[in-house]
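Take a look at the structure below.
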Amino acid sequence: MNKNQLSRRNFIEKSALLGAVGAVGISALSSCNSKSKVVDYKFPPLLDKAPDGKKLRAGLVGCGNRGTGAALNFLSAGNDLELIALADVFEDKVWDCRNKLKKQRVEVPEGNCFWGFDAYKSLLEVDLDIVILATPPHFRPEHFDACVQAKKHVFLEKPVCVDPVGARKIIATSKKAENMGLTVITGTQRRHQRDYNETYKQVASGAIGEFTAAKAWWLQSHVWFRTREEGWSDMEYMIRNWNNFCWLGGDHILDTHVHNIDIINWFLGKHPEQAIGFGARERRLTGDQYDFFSIDFEFGDGVFSHSMSRQIDGCANTLGERIMGTEGYTNCKNTVYNLDGSVKWRYEYPKNKDGRSTEVVKISPYVQEHIHLVTSIRTNTPVVEAERTAISTLTAIMGRTAAYTGQKVTWEDMLDSTMRLGPVKYEMGPVDMKFPVPVPGTQHKA
């Protein structure tokens, strides 16, 4: 392996002519332009349970906590659903996932358990209908393409990539999936959450008038990190600590804040045209990522969205979205307000036996998205969500790039960029562990 392949010293300079994948991606991305109409949105079927039909067999690629949870969510979506294969880079992850599933009375055959960088290829040789992809996001574009080539339906966890090249590959593969009549549901569960959907309908019907401004935020404690154990190679350590390395996870503006960014894109009906912002690293102990971001996204027509995310212990935590309009504003989740702050409309949640609101939707959105997946397959109504999630992920990448470089970054910059993070070849062993944290601008002289 070339030890310089993972370096990000020239992060923003990796721009040149597009390759074949990029050329396909430009057409797809350009189709989501600033003239998009919110009324064109296709709502998911919000059923309590997927309809009965043919037995569907799924395999899981990525056996960590999120992958295990997604597998259980899939099994909860309806009847005659089976999980029959597991794959992960690490053998211990596979057996740990299998044991957790076994406690839930889900028995995965030992012969269908695979590990190693090519484990997903072995899984695709098993007779199955659906693949759940929940590895570190860096691997998502390659795995997604392999699944579609194998003619499998896919559940694609967010974020769907970590760089512009990956985003364009996701979109190109998405087009293939559409042409093949496959279904691809992504892990942007708020788009399958009943209160968000009903609030969107209110806004799309003109409840807040013309859009004037927006903001989105995800402020929380640092989620997790792994300390290196004896015997771990450089590559093994990074993958086990993937959430703290940009080439694997994309930084937390992608990992978590992409949900909020996706909501703003959804409600406004378009992606931003450009971004400027900043961020820094103050508290993290491992990896090369920032602790916070503050990004100003410009959507055109005088509309801006302030987007901020932070992962630092001991700070005030909150998350959400807000969109302002000429006739009111909304929190996007469950309430529309008049300009004076009074409530114009509020989503009605199910009630407890004592008549009080539960304040939660009837069906968990983590299960609802899998109900949509199964329903789409069994009713032969294919739906592919990969492109829109790639666009929201690329929006987050645009914001990240603006913060890392201190420069104004446009959507066209993202379309033209050949930035690809990570190695070309995957193998356990030594890697150049020098990952300088990006520092924007230039040092002033005394």
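Naming scheme: A, B, ... for chains in displayed order of the structure tokens; residues 1 onward per chain; ligands 1 onward as shown.
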| Shell around Phe90 in chain A at 8 Å using only C-alpha atoms, local window under 2 positions removed, as a list in words |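 The residues that qualify are Asp88, Asp92, Lys93, Val94, Trp115 and Gly116 of chain A.
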Could the residues in this selection be written to a file with C-alpha atoms, as a PDB file, in the first residue's frame?
ATOM      1  CA  ASP A  88     -18.076  -7.927   8.289  1.00  0.00           C
ATOM      2  CA  ASP A  92     -15.415 -11.254  16.105  1.00  0.00           C
ATOM      3  CA  LYS A  93     -17.991  -8.711  14.925  1.00  0.00           C
ATOM      4  CA  VAL A  94     -19.779 -11.392  12.924  1.00  0.00           C
ATOM      5  CA  TRP A 115     -15.455 -11.927   7.287  1.00  0.00           C
ATOM      6  CA  GLY A 116     -12.680 -10.006   5.556  1.00  0.00           C
TER       7      GLY A 116
END
| field | All residues 12 Å or closer to Thr395 in chain A, only C-alpha atoms, same chain fewer than 2 positions away omitted, as a ChimeraX atom specification | value | /A:29,159-164,167,253-254,257-265,270-276,295-299,305,307,388-393,397-402,409-415
Kindly save the residues from that selection, with C-alpha atoms included, as a compact mmCIF listing (two decimals), in the first residue's frame.
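Written file, selection.txt:
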# COMPACT_ATOMS: atom_id res chain seq x y z
CA LEU A 29 -27.15 15.71 -9.73
CA PRO A 159 -24.40 8.75 5.10
CA VAL A 160 -24.01 7.03 1.78
CA CYS A 161 -20.42 8.12 1.11
CA VAL A 162 -17.61 10.34 2.43
CA ASP A 163 -16.44 12.24 -0.67
CA PRO A 164 -17.68 13.66 -4.01
CA ALA A 167 -21.55 10.55 -4.06
CA ILE A 253 -21.30 16.66 9.95
CA LEU A 254 -22.00 13.62 7.76
CA HIS A 257 -25.90 16.27 11.14
CA VAL A 258 -26.72 14.95 7.67
CA HIS A 259 -30.17 14.13 9.07
CA ASN A 260 -30.86 17.82 9.75
CA ILE A 261 -29.32 18.88 6.45
CA ASP A 262 -31.55 16.37 4.66
CA ILE A 263 -34.65 17.83 6.33
CA ILE A 264 -33.81 21.36 5.19
CA ASN A 265 -33.18 20.15 1.62
CA LYS A 270 -33.63 21.87 -3.38
CA HIS A 271 -29.99 21.68 -2.39
CA PRO A 272 -27.91 24.78 -1.56
CA GLU A 273 -25.86 26.53 -4.21
CA GLN A 274 -22.82 27.25 -2.07
CA ALA A 275 -21.43 27.18 1.45
CA ILE A 276 -19.05 29.13 3.66
CA ILE A 295 -21.89 26.48 8.07
CA ASP A 296 -23.88 29.06 6.13
CA PHE A 297 -25.63 27.41 3.19
CA GLU A 298 -26.99 29.68 0.44
CA PHE A 299 -30.03 28.31 -1.38
CA SER A 305 -29.67 28.18 6.24
CA SER A 307 -26.22 24.77 9.93
CA ARG A 388 -31.69 12.14 -2.84
CA THR A 389 -29.67 10.86 0.12
CA ALA A 390 -26.48 11.20 -1.93
CA ILE A 391 -27.43 14.82 -2.63
CA SER A 392 -27.93 15.53 1.08
CA THR A 393 -24.66 13.76 1.86
CA ILE A 397 -19.49 17.33 2.24
CA MET A 398 -19.72 20.81 0.72
CA GLY A 399 -20.13 22.27 4.21
CA ARG A 400 -17.28 20.18 5.58
CA THR A 401 -15.00 21.29 2.75
CA ALA A 402 -15.86 24.94 3.36
CA VAL A 409 -17.40 26.18 -1.88
CA THR A 410 -20.03 25.91 -4.60
CA TRP A 411 -22.17 23.02 -5.76
CA GLU A 412 -20.25 23.11 -9.04
CA ASP A 413 -17.04 22.61 -7.07
CA MET A 414 -18.53 19.42 -5.69
CA LEU A 415 -19.60 18.26 -9.14
| A:Asp234, A:Asp301, A:Asp195, A:Glu321: which is nearest Arg346 in chain A, counting only C-alpha atoms? | A:Asp195
Within 7 Å of Thr186 in chain A using only C-alpha atoms, minus same-chain residues under 3 positions, as a PDB file with C-alpha atoms, in the first residue's frame:
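Saved the output as around-v3.pdb:
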ATOM      1  CA  PHE A 155     -31.341  -0.914   2.569  1.00  0.00           C
ATOM      2  CA  LEU A 156     -28.636   1.747   2.461  1.00  0.00           C
ATOM      3  CA  GLU A 157     -27.635   3.316   5.770  1.00  0.00           C
ATOM      4  CA  LYS A 158     -26.713   6.998   5.823  1.00  0.00           C
ATOM      5  CA  GLU A 385     -34.106   6.800  -2.431  1.00  0.00           C
ATOM      6  CA  ALA A 386     -30.347   6.642  -2.972  1.00  0.00           C
TER       7      ALA A 386
END
| query | What are the DSSP helix (DSSP H, G or I) residues of range 302-392 of chain A, as number ranges by chain? | reply | A: 365-378, 386-392
Which neighbours of range 96-105 of chain A fall inside 12 Å, counting only C-alpha atoms, when residues of the same chain fewer than 5 positions from it are skipped, and could you give them as a short mmCIF file (atom, residue, chain, number, x, y, z; two decimals) with C-alpha atoms, in the first residue's frame?
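Dumped to selection-v9.cif:
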data_model
loop_
_atom_site.label_atom_id
_atom_site.label_comp_id
_atom_site.auth_asym_id
_atom_site.auth_seq_id
_atom_site.Cartn_x
_atom_site.Cartn_y
_atom_site.Cartn_z
CA GLY A 59 -28.20 -10.46 4.42
CA LEU A 60 -26.40 -7.95 6.61
CA VAL A 61 -23.08 -6.32 5.66
CA GLY A 62 -21.64 -4.49 8.65
CA CYS A 63 -22.27 -6.24 11.97
CA GLY A 64 -21.81 -3.39 14.43
CA ASN A 65 -24.52 -1.92 16.64
CA ARG A 66 -26.25 -0.04 13.83
CA GLY A 67 -26.18 -3.01 11.52
CA THR A 68 -27.55 -5.34 14.19
CA GLY A 69 -30.26 -2.81 14.99
CA ALA A 70 -31.17 -2.38 11.33
CA ALA A 71 -31.46 -6.16 10.95
CA LEU A 72 -33.87 -6.36 13.89
CA ASN A 73 -35.85 -3.42 12.49
CA LEU A 75 -37.41 -8.43 10.92
CA SER A 76 -40.03 -6.33 12.77
CA GLU A 82 -35.64 -13.79 7.43
CA LEU A 83 -32.04 -12.78 8.05
CA ILE A 84 -29.87 -15.55 6.65
CA ALA A 85 -26.33 -14.16 6.15
CA LEU A 86 -23.80 -11.93 7.90
CA ALA A 87 -20.63 -10.22 6.67
CA ASP A 88 -18.08 -7.93 8.29
CA PHE A 90 -13.82 -8.64 11.48
CA GLU A 91 -14.65 -12.19 12.48
CA GLU A 110 -22.83 -20.62 10.48
CA GLY A 111 -22.08 -21.40 6.84
CA ASN A 112 -23.52 -18.02 5.85
CA CYS A 113 -21.18 -16.01 8.09
CA PHE A 114 -18.27 -14.30 6.33
#
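Summary of the local environment: counting only C-alpha atoms, residues at most 6 Å from range 427-435 of chain A, other than itself and those fewer than 5 positions away along its chain, are Lys3, Ser233, Asp234, Met235 and Asp288 of chain A.
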File dump, residues just selected, N, CA and C atoms, as a compact mmCIF listing (two decimals), in the first residue's frame:
# COMPACT_ATOMS: atom_id res chain seq x y z
N LYS A 3 1.83 4.52 1.35
CA LYS A 3 1.51 5.11 2.64
C LYS A 3 0.98 6.54 2.53
N SER A 233 -3.16 -3.78 13.95
CA SER A 233 -2.40 -3.04 12.94
C SER A 233 -3.00 -1.64 12.79
N ASP A 234 -2.30 -0.80 12.03
CA ASP A 234 -2.82 0.55 11.80
C ASP A 234 -4.21 0.51 11.17
N MET A 235 -4.35 -0.34 10.15
CA MET A 235 -5.62 -0.40 9.44
C MET A 235 -6.72 -0.93 10.36
N ASP A 288 -8.91 12.37 13.29
CA ASP A 288 -8.50 13.61 12.63
C ASP A 288 -9.68 14.53 12.36
| Any idea what the distance is between CA of Gly302 in chain A and CA of Leu394 in chain A? | 21.5 Å
| said: I need the residue nearest Leu339 in chain A from this list: A:Ile239, A:Ala207, A:Ala216, A:Val148. Use only C-alpha atoms for the distance. | reply: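 Among A:Ile239, A:Ala207, A:Ala216, A:Val148, it is A:Ala207 that comes nearest to Leu339 in chain A.
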If we count only C-alpha atoms and set the cut-off at 9 Å, which residues sit around Tyr349 in chain A, ignoring sequence neighbours fewer than 5 positions away in its own chain? Please answer as a short mmCIF file (atom, residue, chain, number, x, y, z; two decimals) with C-alpha atoms, in the first residue's frame.
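Final output, around_21.cif:
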data_model
loop_
_atom_site.label_atom_id
_atom_site.label_comp_id
_atom_site.auth_asym_id
_atom_site.auth_seq_id
_atom_site.Cartn_x
_atom_site.Cartn_y
_atom_site.Cartn_z
CA ASP A 195 -45.05 13.64 12.30
CA SER A 357 -50.43 12.47 24.30
CA THR A 358 -47.64 9.92 23.96
CA GLU A 359 -45.53 12.53 22.12
CA VAL A 360 -44.16 9.75 19.91
CA VAL A 361 -45.34 8.40 16.58
CA LYS A 362 -47.22 5.11 16.51
#
| said: What's around Tyr347 in chain A at 8 Å? Count only C-alpha atoms, leave out sequence neighbours fewer than 4 positions away in its own chain, and write the answer as a PyMOL selection string. | reply: chain A and resi 195+198-199+334-335
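Nearest-residue note for Gly279 in chain A: choosing from A:Arg322, A:Ala119, A:Lys425, A:Tyr404, the minimum distance belongs to A:Tyr404, counting only C-alpha atoms.
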